[in-house]
$ cat coords11.pdb   # PDB, C-alpha atoms
ATOM      1  CA  MET A   1      80.046  91.285  78.361
ATOM      2  CA  SER A   2      80.838  92.291  81.942
ATOM      3  CA  SER A   3      84.354  92.732  83.322
ATOM      4  CA  PHE A   4      83.967  89.692  85.604
ATOM      5  CA  THR A   5      84.426  87.471  82.534
ATOM      6  CA  THR A   6      88.182  88.141  82.712
ATOM      7  CA  LEU A   7      88.212  86.050  85.903
ATOM      8  CA  PRO A   8      88.662  82.266  85.664
ATOM      9  CA  ASP A   9      85.655  80.059  84.929
ATOM     10  CA  LEU A  10      85.560  77.978  88.119
ATOM     11  CA  ALA A  11      83.151  75.437  86.578
ATOM     12  CA  LEU A  12      85.285  74.685  83.527
ATOM     13  CA  ARG A  13      85.835  71.014  82.783
ATOM     14  CA  THR A  14      89.574  71.590  82.331
ATOM     15  CA  LEU A  15      89.709  72.900  85.929
ATOM     16  CA  GLY A  16      88.024  69.727  87.179
ATOM     17  CA  GLY A  17      84.406  70.866  87.017
ATOM     18  CA  SER A  18      81.657  68.297  86.557
ATOM     19  CA  VAL A  19      77.925  68.273  85.822
ATOM     20  CA  VAL A  20      77.061  65.663  88.433
ATOM     21  CA  ALA A  21      73.287  65.461  87.918
ATOM     22  CA  ALA A  22      70.405  66.864  85.861
ATOM     23  CA  SER A  23      66.653  66.526  85.838
ATOM     24  CA  ASP A  24      66.724  65.483  82.177
ATOM     25  CA  GLU A  25      69.096  65.345  79.202
ATOM     26  CA  SER A  26      66.951  63.649  76.588
ATOM     27  CA  PHE A  27      68.159  65.616  73.565
ATOM     28  CA  ALA A  28      71.710  66.749  74.435
ATOM     29  CA  GLU A  29      74.084  65.774  77.231
ATOM     30  CA  LYS A  30      74.502  67.833  80.381
ATOM     31  CA  GLU A  31      78.319  67.560  80.261
ATOM     32  CA  SER A  32      78.403  70.029  77.350
ATOM     33  CA  LEU A  33      77.501  72.896  79.701
ATOM     34  CA  ILE A  34      81.063  73.257  81.020
ATOM     35  CA  ARG A  35      83.137  72.392  77.964
ATOM     36  CA  PRO A  36      85.886  74.888  77.090
ATOM     37  CA  GLY A  37      85.557  77.048  73.990
ATOM     38  CA  ARG A  38      82.639  78.419  72.013
ATOM     39  CA  PRO A  39      79.733  76.087  71.192
ATOM     40  CA  GLY A  40      79.761  74.655  67.680
ATOM     41  CA  PHE A  41      76.861  73.906  65.366
ATOM     42  CA  THR A  42      76.364  72.129  62.052
ATOM     43  CA  PRO A  43      72.890  72.666  60.502
ATOM     44  CA  GLU A  44      70.851  69.678  59.411
ATOM     45  CA  THR A  45      72.945  67.222  61.400
ATOM     46  CA  PHE A  46      70.483  64.740  62.836
ATOM     47  CA  GLY A  47      70.957  61.846  65.205
ATOM     48  CA  GLY A  48      68.469  59.396  66.611
ATOM     49  CA  LYS A  49      67.061  62.105  68.908
ATOM     50  CA  GLY A  50      66.939  64.960  66.420
ATOM     51  CA  GLN A  51      69.235  67.884  65.559
ATOM     52  CA  VAL A  52      72.643  67.516  67.226
ATOM     53  CA  TYR A  53      73.493  70.410  69.593
ATOM     54  CA  ASP A  54      76.703  71.292  71.391
ATOM     55  CA  GLY A  55      74.927  71.988  74.670
ATOM     56  CA  TRP A  56      72.435  70.619  77.190
ATOM     57  CA  GLU A  57      68.827  70.137  76.006
ATOM     58  CA  THR A  58      65.879  68.636  77.851
ATOM     59  CA  ARG A  59      62.642  67.178  76.499
ATOM     60  CA  ARG A  60      59.459  69.257  76.158
ATOM     61  CA  ARG A  61      58.004  69.346  79.649
ATOM     62  CA  ARG A  62      54.352  68.242  79.866
ATOM     63  CA  ALA A  63      54.032  68.421  83.653
ATOM     64  CA  PRO A  64      54.438  71.305  86.120
ATOM     65  CA  GLY A  65      57.922  72.213  87.300
ATOM     66  CA  HIS A  66      61.222  73.058  85.633
ATOM     67  CA  ASP A  67      64.512  71.439  84.631
ATOM     68  CA  TRP A  68      67.866  71.847  86.387
ATOM     69  CA  ALA A  69      71.530  70.857  86.185
ATOM     70  CA  LEU A  70      73.861  70.458  89.167
ATOM     71  CA  VAL A  71      77.494  71.516  88.639
ATOM     72  CA  ARG A  72      80.421  70.810  90.961
ATOM     73  CA  LEU A  73      82.938  73.620  90.557
ATOM     74  CA  GLY A  74      86.406  72.529  89.533
ATOM     75  CA  VAL A  75      87.751  74.928  92.159
ATOM     76  CA  PRO A  76      85.629  76.225  95.061
ATOM     77  CA  GLY A  77      85.514  79.987  95.248
ATOM     78  CA  VAL A  78      83.759  83.334  95.415
ATOM     79  CA  ILE A  79      81.511  83.762  92.372
ATOM     80  CA  ARG A  80      81.659  87.211  90.745
ATOM     81  CA  GLY A  81      79.410  86.554  87.776
ATOM     82  CA  VAL A  82      77.581  83.950  85.696
ATOM     83  CA  VAL A  83      77.105  83.679  81.931
ATOM     84  CA  ILE A  84      74.206  81.625  80.539
ATOM     85  CA  ASP A  85      74.791  81.067  76.827
ATOM     86  CA  THR A  86      71.927  79.844  74.614
ATOM     87  CA  ALA A  87      74.065  79.810  71.443
ATOM     88  CA  TRP A  88      72.335  78.061  68.509
ATOM     89  CA  PHE A  89      69.188  77.341  70.528
ATOM     90  CA  LYS A  90      66.704  79.514  68.633
ATOM     91  CA  GLY A  91      63.326  77.796  68.856
ATOM     92  CA  ASN A  92      64.043  75.576  71.814
ATOM     93  CA  TYR A  93      65.660  77.776  74.486
ATOM     94  CA  PRO A  94      64.250  78.278  78.021
ATOM     95  CA  THR A  95      62.267  81.466  78.532
ATOM     96  CA  HIS A  96      63.776  82.054  81.986
ATOM     97  CA  ALA A  97      66.607  80.816  84.213
ATOM     98  CA  SER A  98      68.017  81.227  87.712
ATOM     99  CA  VAL A  99      71.243  80.144  89.436
ATOM    100  CA  GLU A 100      71.757  78.949  93.020
ATOM    101  CA  ALA A 101      74.900  77.956  94.929
ATOM    102  CA  THR A 102      75.873  75.916  97.968
ATOM    103  CA  ALA A 103      79.008  74.841  99.849
ATOM    104  CA  VAL A 104      79.421  71.205 100.853
ATOM    105  CA  GLY A 105      82.744  69.891 102.125
ATOM    106  CA  GLY A 106      84.415  66.596 101.341
ATOM    107  CA  HIS A 107      83.248  64.457  98.430
ATOM    108  CA  PRO A 108      79.439  64.487  98.654
ATOM    109  CA  SER A 109      77.017  62.556  96.479
ATOM    110  CA  PRO A 110      74.569  64.489  94.257
ATOM    111  CA  ASP A 111      71.736  63.694  96.691
ATOM    112  CA  GLU A 112      73.726  65.133  99.605
ATOM    113  CA  VAL A 113      74.427  68.308  97.636
ATOM    114  CA  LEU A 114      70.789  68.711  96.601
ATOM    115  CA  ALA A 115      69.737  68.383 100.250
ATOM    116  CA  ALA A 116      72.073  71.187 101.367
ATOM    117  CA  PRO A 117      70.852  74.777 101.920
ATOM    118  CA  TRP A 118      71.011  76.880  98.739
ATOM    119  CA  THR A 119      71.641  80.592  98.133
ATOM    120  CA  GLU A 120      70.148  82.357  95.125
ATOM    121  CA  LEU A 121      72.866  84.117  93.102
ATOM    122  CA  VAL A 122      70.868  84.974  89.967
ATOM    123  CA  PRO A 123      67.102  85.490  90.395
ATOM    124  CA  LEU A 124      64.663  84.187  87.810
ATOM    125  CA  SER A 125      65.617  86.138  84.677
ATOM    126  CA  LYS A 126      64.367  86.285  81.123
ATOM    127  CA  LEU A 127      66.454  84.645  78.394
ATOM    128  CA  ALA A 128      66.679  85.118  74.641
ATOM    129  CA  GLY A 129      67.591  82.529  72.048
ATOM    130  CA  ASP A 130      71.103  82.275  70.579
ATOM    131  CA  ALA A 131      72.532  84.848  73.017
ATOM    132  CA  GLU A 132      74.972  85.244  75.905
ATOM    133  CA  HIS A 133      73.433  86.517  79.146
ATOM    134  CA  ALA A 134      75.827  87.967  81.741
ATOM    135  CA  PHE A 135      74.716  88.301  85.381
ATOM    136  CA  GLU A 136      76.929  89.986  87.965
ATOM    137  CA  VAL A 137      76.965  88.393  91.429
ATOM    138  CA  LEU A 138      77.564  90.481  94.571
ATOM    139  CA  ASP A 139      77.450  87.641  97.118
ATOM    140  CA  GLU A 140      80.783  87.172  98.986
ATOM    141  CA  GLY A 141      80.188  83.540  99.987
ATOM    142  CA  ARG A 142      82.507  80.667  99.118
ATOM    143  CA  TYR A 143      80.746  77.916  97.159
ATOM    144  CA  THR A 144      81.524  74.429  95.867
ATOM    145  CA  HIS A 145      78.455  73.748  93.670
ATOM    146  CA  VAL A 146      75.966  75.675  91.549
ATOM    147  CA  ARG A 147      72.541  74.705  90.224
ATOM    148  CA  LEU A 148      71.233  76.068  86.927
ATOM    149  CA  ASN A 149      67.437  76.145  86.846
ATOM    150  CA  ILE A 150      65.743  76.570  83.459
ATOM    151  CA  HIS A 151      62.049  77.371  83.092
ATOM    152  CA  PRO A 152      60.310  75.356  81.914
ATOM    153  CA  ASP A 153      62.637  73.332  79.668
ATOM    154  CA  GLY A 154      64.867  73.654  76.582
ATOM    155  CA  GLY A 155      68.499  74.040  75.703
ATOM    156  CA  VAL A 156      71.515  75.917  77.089
ATOM    157  CA  ALA A 157      74.869  75.694  75.326
ATOM    158  CA  ARG A 158      77.269  76.822  78.080
ATOM    159  CA  LEU A 159      77.268  77.853  81.738
ATOM    160  CA  ARG A 160      80.242  79.979  82.818
ATOM    161  CA  VAL A 161      80.842  80.615  86.516
ATOM    162  CA  HIS A 162      83.508  83.310  86.826
ATOM    163  CA  GLY A 163      85.151  84.042  90.147
ATOM    164  CA  GLU A 164      88.146  83.832  92.453
ATOM    165  CA  ALA A 165      89.390  80.450  93.649
ATOM    166  CA  ARG A 166      89.185  79.719  97.388
ATOM    167  CA  PRO A 167      90.366  76.121  97.820
ATOM    168  CA  ASP A 168      90.936  74.456 101.182
ATOM    169  CA  LEU A 169      94.695  74.909 101.659
ATOM    170  CA  THR A 170      94.763  73.158 105.048
ATOM    171  CA  LEU A 171      95.430  69.980 103.071
ATOM    172  CA  HIS A 172      98.896  71.398 102.343
ATOM    173  CA  ASP A 173      99.867  72.126 105.964
ATOM    174  CA  GLY A 174     103.545  71.246 106.304
ATOM    175  CA  LEU A 175     103.835  70.505 102.590
ATOM    176  CA  GLY A 176     105.007  72.473  99.580
ATOM    177  CA  LEU A 177     102.681  73.559  96.783
ATOM    178  CA  ASP A 178     102.512  75.649  93.617
ATOM    179  CA  LEU A 179     101.761  79.051  95.130
ATOM    180  CA  ALA A 180     100.815  80.497  91.725
ATOM    181  CA  ALA A 181      98.394  77.764  90.626
ATOM    182  CA  LEU A 182      94.868  78.875  89.846
ATOM    183  CA  ALA A 183      93.613  75.675  91.464
ATOM    184  CA  ASN A 184      95.343  76.685  94.719
ATOM    185  CA  GLY A 185      93.932  80.216  94.711
ATOM    186  CA  GLY A 186      96.469  82.069  92.556
ATOM    187  CA  LEU A 187      95.226  84.834  90.257
ATOM    188  CA  VAL A 188      96.752  87.176  87.673
ATOM    189  CA  THR A 189      95.767  90.620  88.974
ATOM    190  CA  ALA A 190      97.545  92.859  86.430
ATOM    191  CA  CYS A 191      99.019  92.474  82.954
ATOM    192  CA  SER A 192     100.671  94.767  80.407
ATOM    193  CA  ASP A 193      99.076  93.140  77.355
ATOM    194  CA  GLU A 194      96.751  90.230  76.521
ATOM    195  CA  PHE A 195      96.277  90.731  72.810
ATOM    196  CA  TYR A 196      96.334  87.075  71.768
ATOM    197  CA  SER A 197      95.350  85.155  74.901
ATOM    198  CA  ALA A 198      94.390  85.558  78.534
ATOM    199  CA  PRO A 199      97.153  85.887  81.158
ATOM    200  CA  ASN A 200      95.399  83.555  83.633
ATOM    201  CA  ASN A 201      96.173  80.749  81.183
ATOM    202  CA  VAL A 202      99.740  80.624  82.521
ATOM    203  CA  ILE A 203      98.550  79.380  85.934
ATOM    204  CA  ALA A 204      95.936  76.908  84.625
ATOM    205  CA  PRO A 205      96.246  73.184  85.408
ATOM    206  CA  GLY A 206      98.126  70.786  83.166
ATOM    207  CA  LEU A 207     100.254  71.498  80.118
ATOM    208  CA  ALA A 208      99.349  73.858  77.297
ATOM    209  CA  ARG A 209      98.418  71.852  74.189
ATOM    210  CA  HIS A 210      99.082  74.765  71.824
ATOM    211  CA  GLN A 211     100.133  78.410  72.068
ATOM    212  CA  ALA A 212      96.568  79.715  72.493
ATOM    213  CA  GLU A 213      96.414  77.891  75.841
ATOM    214  CA  GLY A 214      99.196  80.101  77.187
ATOM    215  CA  TRP A 215      99.638  83.887  77.406
ATOM    216  CA  GLU A 216     100.846  85.798  74.355
ATOM    217  CA  THR A 217     101.254  89.544  73.854
ATOM    218  CA  ALA A 218     101.229  91.675  70.705
ATOM    219  CA  ARG A 219     104.564  92.551  69.108
ATOM    220  CA  ARG A 220     106.077  95.425  71.107
ATOM    221  CA  ARG A 221     107.134  98.352  68.894
ATOM    222  CA  GLY A 222     108.150 100.803  71.631
ATOM    223  CA  GLU A 223     110.427 100.833  74.652
ATOM    224  CA  GLY A 224     109.948  98.700  77.730
ATOM    225  CA  ASN A 225     108.791  95.117  78.184
ATOM    226  CA  ASP A 226     105.665  93.107  78.903
ATOM    227  CA  TRP A 227     104.771  91.746  82.331
ATOM    228  CA  LEU A 228     102.109  90.248  84.556
ATOM    229  CA  VAL A 229     101.521  90.125  88.330
ATOM    230  CA  ILE A 230     100.399  86.928  90.066
ATOM    231  CA  ARG A 231      98.678  87.074  93.447
ATOM    232  CA  LEU A 232      99.855  83.949  95.232
ATOM    233  CA  ALA A 233      97.562  81.473  96.982
ATOM    234  CA  GLY A 234      98.851  82.983 100.237
ATOM    235  CA  ARG A 235     101.907  84.711 101.647
ATOM    236  CA  GLY A 236     104.781  82.325 101.157
ATOM    237  CA  VAL A 237     108.397  81.625 100.290
ATOM    238  CA  VAL A 238     108.994  80.705  96.635
ATOM    239  CA  ARG A 239     111.784  78.133  96.205
ATOM    240  CA  LEU A 240     111.438  76.892  92.620
ATOM    241  CA  ALA A 241     110.182  78.627  89.486
ATOM    242  CA  GLU A 242     109.081  76.877  86.305
ATOM    243  CA  ILE A 243     108.892  79.073  83.206
ATOM    244  CA  ASP A 244     107.507  77.073  80.283
ATOM    245  CA  THR A 245     107.712  78.305  76.666
ATOM    246  CA  THR A 246     106.388  75.045  75.161
ATOM    247  CA  ASN A 247     104.642  75.574  71.770
ATOM    248  CA  LEU A 248     106.122  79.073  71.432
ATOM    249  CA  LEU A 249     108.577  78.402  68.628
ATOM    250  CA  PHE A 250     109.129  81.861  67.144
ATOM    251  CA  ASN A 251     107.437  84.121  69.687
ATOM    252  CA  ALA A 252     109.006  83.138  73.010
ATOM    253  CA  PRO A 253     110.542  85.949  75.086
ATOM    254  CA  ALA A 254     114.294  86.374  74.960
ATOM    255  CA  ALA A 255     114.504  86.567  78.760
ATOM    256  CA  VAL A 256     112.515  86.594  82.007
ATOM    257  CA  ALA A 257     112.885  88.115  85.479
ATOM    258  CA  LEU A 258     110.907  87.452  88.681
ATOM    259  CA  THR A 259     110.291  89.982  91.456
ATOM    260  CA  GLY A 260     108.500  89.188  94.696
ATOM    261  CA  LEU A 261     106.164  91.812  96.157
ATOM    262  CA  ASP A 262     105.139  92.119  99.807
ATOM    263  CA  GLY A 263     103.368  95.393 100.460
ATOM    264  CA  GLU A 264     105.806  98.134  99.433
ATOM    265  CA  ARG A 265     108.771  95.756  99.600
ATOM    266  CA  GLU A 266     110.307  94.220  96.466
ATOM    267  CA  VAL A 267     112.444  91.067  96.516
ATOM    268  CA  GLU A 268     114.526  89.878  93.566
ATOM    269  CA  LEU A 269     113.679  86.221  93.043
ATOM    270  CA  LEU A 270     115.259  85.678  89.614
ATOM    271  CA  PRO A 271     117.428  88.221  87.801
ATOM    272  CA  ARG A 272     116.974  88.718  84.079
ATOM    273  CA  THR A 273     117.675  85.268  82.646
ATOM    274  CA  ARG A 274     117.812  83.991  79.064
ATOM    275  CA  LEU A 275     115.012  81.728  77.800
ATOM    276  CA  GLN A 276     114.862  79.216  74.966
ATOM    277  CA  PRO A 277     111.854  78.692  72.666
ATOM    278  CA  ASP A 278     109.588  75.652  73.144
ATOM    279  CA  THR A 279     111.327  74.691  76.388
ATOM    280  CA  PRO A 280     110.318  74.062  80.027
ATOM    281  CA  HIS A 281     112.805  75.977  82.253
ATOM    282  CA  ARG A 282     113.312  75.300  85.971
ATOM    283  CA  PHE A 283     115.166  77.686  88.289
ATOM    284  CA  ARG A 284     116.046  77.205  91.967
ATOM    285  CA  LEU A 285     115.533  80.488  93.817
ATOM    286  CA  GLY A 286     117.741  81.683  96.648
ATOM    287  CA  SER A 287     115.499  84.131  98.489
ATOM    288  CA  ALA A 288     113.905  83.020 101.768
ATOM    289  CA  GLU A 289     111.789  86.176 102.166
ATOM    290  CA  PRO A 290     108.013  85.695 102.094
ATOM    291  CA  VAL A 291     105.962  87.521  99.442
ATOM    292  CA  THR A 292     102.294  87.820  98.494
ATOM    293  CA  HIS A 293     102.644  88.576  94.749
ATOM    294  CA  VAL A 294     105.179  87.869  92.017
ATOM    295  CA  ARG A 295     105.797  90.092  89.000
ATOM    296  CA  VAL A 296     106.869  88.169  85.884
ATOM    297  CA  ASP A 297     108.751  90.383  83.406
ATOM    298  CA  ILE A 298     109.349  89.073  79.887
ATOM    299  CA  TYR A 299     111.794  90.773  77.521
ATOM    300  CA  PRO A 300     110.756  92.360  75.308
ATOM    301  CA  ASP A 301     107.452  90.593  74.517
ATOM    302  CA  GLY A 302     106.118  87.211  73.396
ATOM    303  CA  GLY A 303     104.401  84.416  75.238
ATOM    304  CA  LEU A 304     104.580  81.900  78.074
ATOM    305  CA  ALA A 305     102.783  78.569  78.262
ATOM    306  CA  ARG A 306     102.894  78.149  82.046
ATOM    307  CA  VAL A 307     104.375  79.732  85.183
ATOM    308  CA  ARG A 308     104.764  77.566  88.301
ATOM    309  CA  LEU A 309     106.047  78.998  91.596
ATOM    310  CA  HIS A 310     106.655  76.211  94.089
ATOM    311  CA  GLY A 311     107.179  76.959  97.763
ATOM    312  CA  HIS A 312     105.683  76.984 101.250
ATOM    313  CA  LEU A 313     102.906  79.060 102.803
ATOM    314  CA  THR A 314     103.863  81.159 105.788
TER     315      THR A 314
END

$ encode --input "coords11.pdb" --output "structure tokens"
Amino acid sequence: MSSFTTLPDLALRTLGGSVVAASDESFAEKESLIRPGRPGFTPETFGGKGQVYDGWETRRRRAPGHDWALVRLGVPGVIRGVVIDTAWFKGNYPTHASVEATAVGGHPSPDEVLAAPWTELVPLSKLAGDAEHAFEVLDEGRYTHVRLNIHPDGGVARLRVHGEARPDLTLHDGLGLDLAALANGGLVTACSDEFYSAPNNVIAPGLARHQAEGWETARRRGEGNDWLVIRLAGRGVVRLAEIDTTNLLFNAPAAVALTGLDGEREVELLPRTRLQPDTPHRFRLGSAEPVTHVRVDIYPDGGLARVRLHGHLT
């Protein structure tokens, strides 16, 4: 799997993504394409339409053409790579697929999106059954929607659209916002350890339902401490930090520190401060200096459910 898969999945349902239209979904619903987690499968489980699949499956096409599904990204952004997963579809997968993208502002209807100009991100490519197919994307455009085209028909379990968020931040002019939030354009750009779970989880929307939905490191046996660096949505002044250890009962860090980064300049935002397990912590910050990144140091190791850095863009 390519390195772009470490970037957030911009189409994910938990980020607000939606499959807004499809040419057909006779056997299995289109909404499954952007569900979180690996596709499941139970053999010999039949419904009124046949074997039940955790994916999107169209009828056998008897006329010329191909099937397609239209996905609104949960967060608009620059797409770095696409994964088309045909897990469990062994005799009923498409032979080929392609992916296109477009950018439409506001809250368009599916018909308005389909009528927009489209850019090909992944050319028509051969697929195999029960396999993940990773396609790197070099296009630097910002997109709001993607269209998965399958040829001629069949089933796809998951569509992953990995990239960097580029939301419209003009909506926040004069207002405060979470500068670290993935949905606002934040991104974890460096991390000391991600043994148990991905560091970008800490800036995901909503609350973590269990510890796997946060960031957790391996047990540190040497000197030093674990850390991550968050690139903020834009250069800004951070006024309030939320450090959430919810669900981390016996593996929360003992303490945390926050350091703002602006080029070569470092700004202390929060000195080393004690944390409690399974607790949302909120800290008012005194610095009024703008920064572009924030380093989160945890001592010595452990996990965080969420990190929120509220402030104002400069």

$ atom_distance --input "coords11.pdb" --atom1 "atom CA of A:Asp278" --atom2 "atom CA of A:Ala255"
13.2 Å

$ resolve_selection --input "coords11.pdb" --expression "the PyMOL selection byres ((chain A and resi 203-217) around 6)" --output "list in words"
Ala181, Leu182, Asp193, Glu194, Phe195, Tyr196, Ser197, Ala198, Pro199, Asn200, Asn201, Val202, Ala218, Asn247, Gly302, Gly303, Leu304, Ala305, Arg306 and Val307 of chain A

$ atom_distance --input "coords11.pdb" --atom1 "atom CA of A:Val267" --atom2 "atom CA of A:Thr189"
18.3 Å

$ resolve_selection --input "coords11.pdb" --expression "the PyMOL selection byres ((chain A and resi 9) around 7)" --output "list in words"
Leu7, Pro8, Leu10, Ala11, Leu12, Arg160, Val161, His162 and Gly163 of chain A

$ residues_around --input "coords11.pdb" --residues "stretch 112-126 of chain A" --least-positions-apart "5" --cutoff "12 Å" --atoms "only C-alpha atoms" --output "PyMOL selection string"
chain A and resi 20-23+66+68-72+78-84+86+93-107+131-152+161

$ residues_around --input "coords11.pdb" --residues "A:Lys30" --least-positions-apart "3" --cutoff "7 Å" --atoms "only C-alpha atoms" --output "list in words"
Val19, Ala22, Glu25, Leu33 and Trp56 of chain A

$ closest_residue --input "coords11.pdb" --among "A:Thr273, A:Thr246, A:Asn184, A:Thr45" --to "A:Pro167" --atoms "only C-alpha atoms"
A:Asn184

$ resolve_selection --input "coords11.pdb" --expression "the PyMOL selection byres ((chain A and resi 243) around 6)" --output "list in words"
Glu242, Asp244, His281 and Val307 of chain A

$ atom_distance --input "coords11.pdb" --atom1 "atom CA of A:Asp153" --atom2 "atom CA of A:Thr42"
22.4 Å

$ residues_around --input "coords11.pdb" --residues "A:Pro39" --least-positions-apart "6" --cutoff "8 Å" --atoms "all atoms listed in the file" --output "VMD selection string"
chain A and resid 54 to 55 87 157 to 158

$ write_last_selection --input "coords11.pdb" --atoms "C-alpha atoms" --output "PDB file, keeping the file's coordinate frame"
ATOM      1  CA  ASP A  54      76.703  71.292  71.391  1.00  0.00           C
ATOM      2  CA  GLY A  55      74.927  71.988  74.670  1.00  0.00           C
ATOM      3  CA  ALA A  87      74.065  79.810  71.443  1.00  0.00           C
ATOM      4  CA  ALA A 157      74.869  75.694  75.326  1.00  0.00           C
ATOM      5  CA  ARG A 158      77.269  76.822  78.080  1.00  0.00           C
TER       6      ARG A 158
END

$ closest_residue --input "coords11.pdb" --among "A:Gly155, A:Pro277, A:Gly77, A:Gly16" --to "A:Arg35" --atoms "all atoms listed in the file"
A:Gly16

$ closest_residue --input "coords11.pdb" --among "A:Ala257, A:Val52, A:Val291, A:Leu309" --to "A:Gly234" --atoms "only C-alpha atoms"
A:Val291

$ decode --input "coords11.pdb" --residues "stretch 233-244 of chain A" --atoms "N, CA and C atoms" --output "PDB file, in the first residue's frame"
ATOM      1  N   ALA A 233      -4.617  24.817  10.506  1.00  0.00           N
ATOM      2  CA  ALA A 233      -5.392  25.177   9.319  1.00  0.00           C
ATOM      3  C   ALA A 233      -4.815  26.407   8.635  1.00  0.00           C
ATOM      4  N   GLY A 234      -4.161  27.256   9.393  1.00  0.00           N
ATOM      5  CA  GLY A 234      -3.499  28.458   8.886  1.00  0.00           C
ATOM      6  C   GLY A 234      -2.741  29.079  10.033  1.00  0.00           C
ATOM      7  N   ARG A 235      -1.906  30.065   9.714  1.00  0.00           N
ATOM      8  CA  ARG A 235      -1.163  30.754  10.778  1.00  0.00           C
ATOM      9  C   ARG A 235      -2.161  31.447  11.703  1.00  0.00           C
ATOM     10  N   GLY A 236      -2.023  31.218  12.991  1.00  0.00           N
ATOM     11  CA  GLY A 236      -2.997  31.770  13.909  1.00  0.00           C
ATOM     12  C   GLY A 236      -2.518  31.812  15.340  1.00  0.00           C
ATOM     13  N   VAL A 237      -3.330  32.413  16.180  1.00  0.00           N
ATOM     14  CA  VAL A 237      -3.058  32.532  17.614  1.00  0.00           C
ATOM     15  C   VAL A 237      -3.937  31.518  18.345  1.00  0.00           C
ATOM     16  N   VAL A 238      -3.314  30.617  19.087  1.00  0.00           N
ATOM     17  CA  VAL A 238      -4.044  29.576  19.817  1.00  0.00           C
ATOM     18  C   VAL A 238      -4.358  30.086  21.215  1.00  0.00           C
ATOM     19  N   ARG A 239      -5.638  30.083  21.586  1.00  0.00           N
ATOM     20  CA  ARG A 239      -6.073  30.636  22.874  1.00  0.00           C
ATOM     21  C   ARG A 239      -6.510  29.569  23.875  1.00  0.00           C
ATOM     22  N   LEU A 240      -7.003  28.446  23.366  1.00  0.00           N
ATOM     23  CA  LEU A 240      -7.544  27.403  24.250  1.00  0.00           C
ATOM     24  C   LEU A 240      -7.138  26.042  23.707  1.00  0.00           C
ATOM     25  N   ALA A 241      -6.617  25.200  24.576  1.00  0.00           N
ATOM     26  CA  ALA A 241      -6.241  23.838  24.186  1.00  0.00           C
ATOM     27  C   ALA A 241      -7.119  22.844  24.927  1.00  0.00           C
ATOM     28  N   GLU A 242      -7.613  21.850  24.194  1.00  0.00           N
ATOM     29  CA  GLU A 242      -8.331  20.730  24.790  1.00  0.00           C
ATOM     30  C   GLU A 242      -7.509  19.471  24.574  1.00  0.00           C
ATOM     31  N   ILE A 243      -7.137  18.821  25.642  1.00  0.00           N
ATOM     32  CA  ILE A 243      -6.375  17.570  25.600  1.00  0.00           C
ATOM     33  C   ILE A 243      -7.252  16.505  26.244  1.00  0.00           C
ATOM     34  N   ASP A 244      -7.731  15.573  25.438  1.00  0.00           N
ATOM     35  CA  ASP A 244      -8.749  14.613  25.878  1.00  0.00           C
ATOM     36  C   ASP A 244      -8.129  13.219  25.996  1.00  0.00           C
TER      37      ASP A 244
END
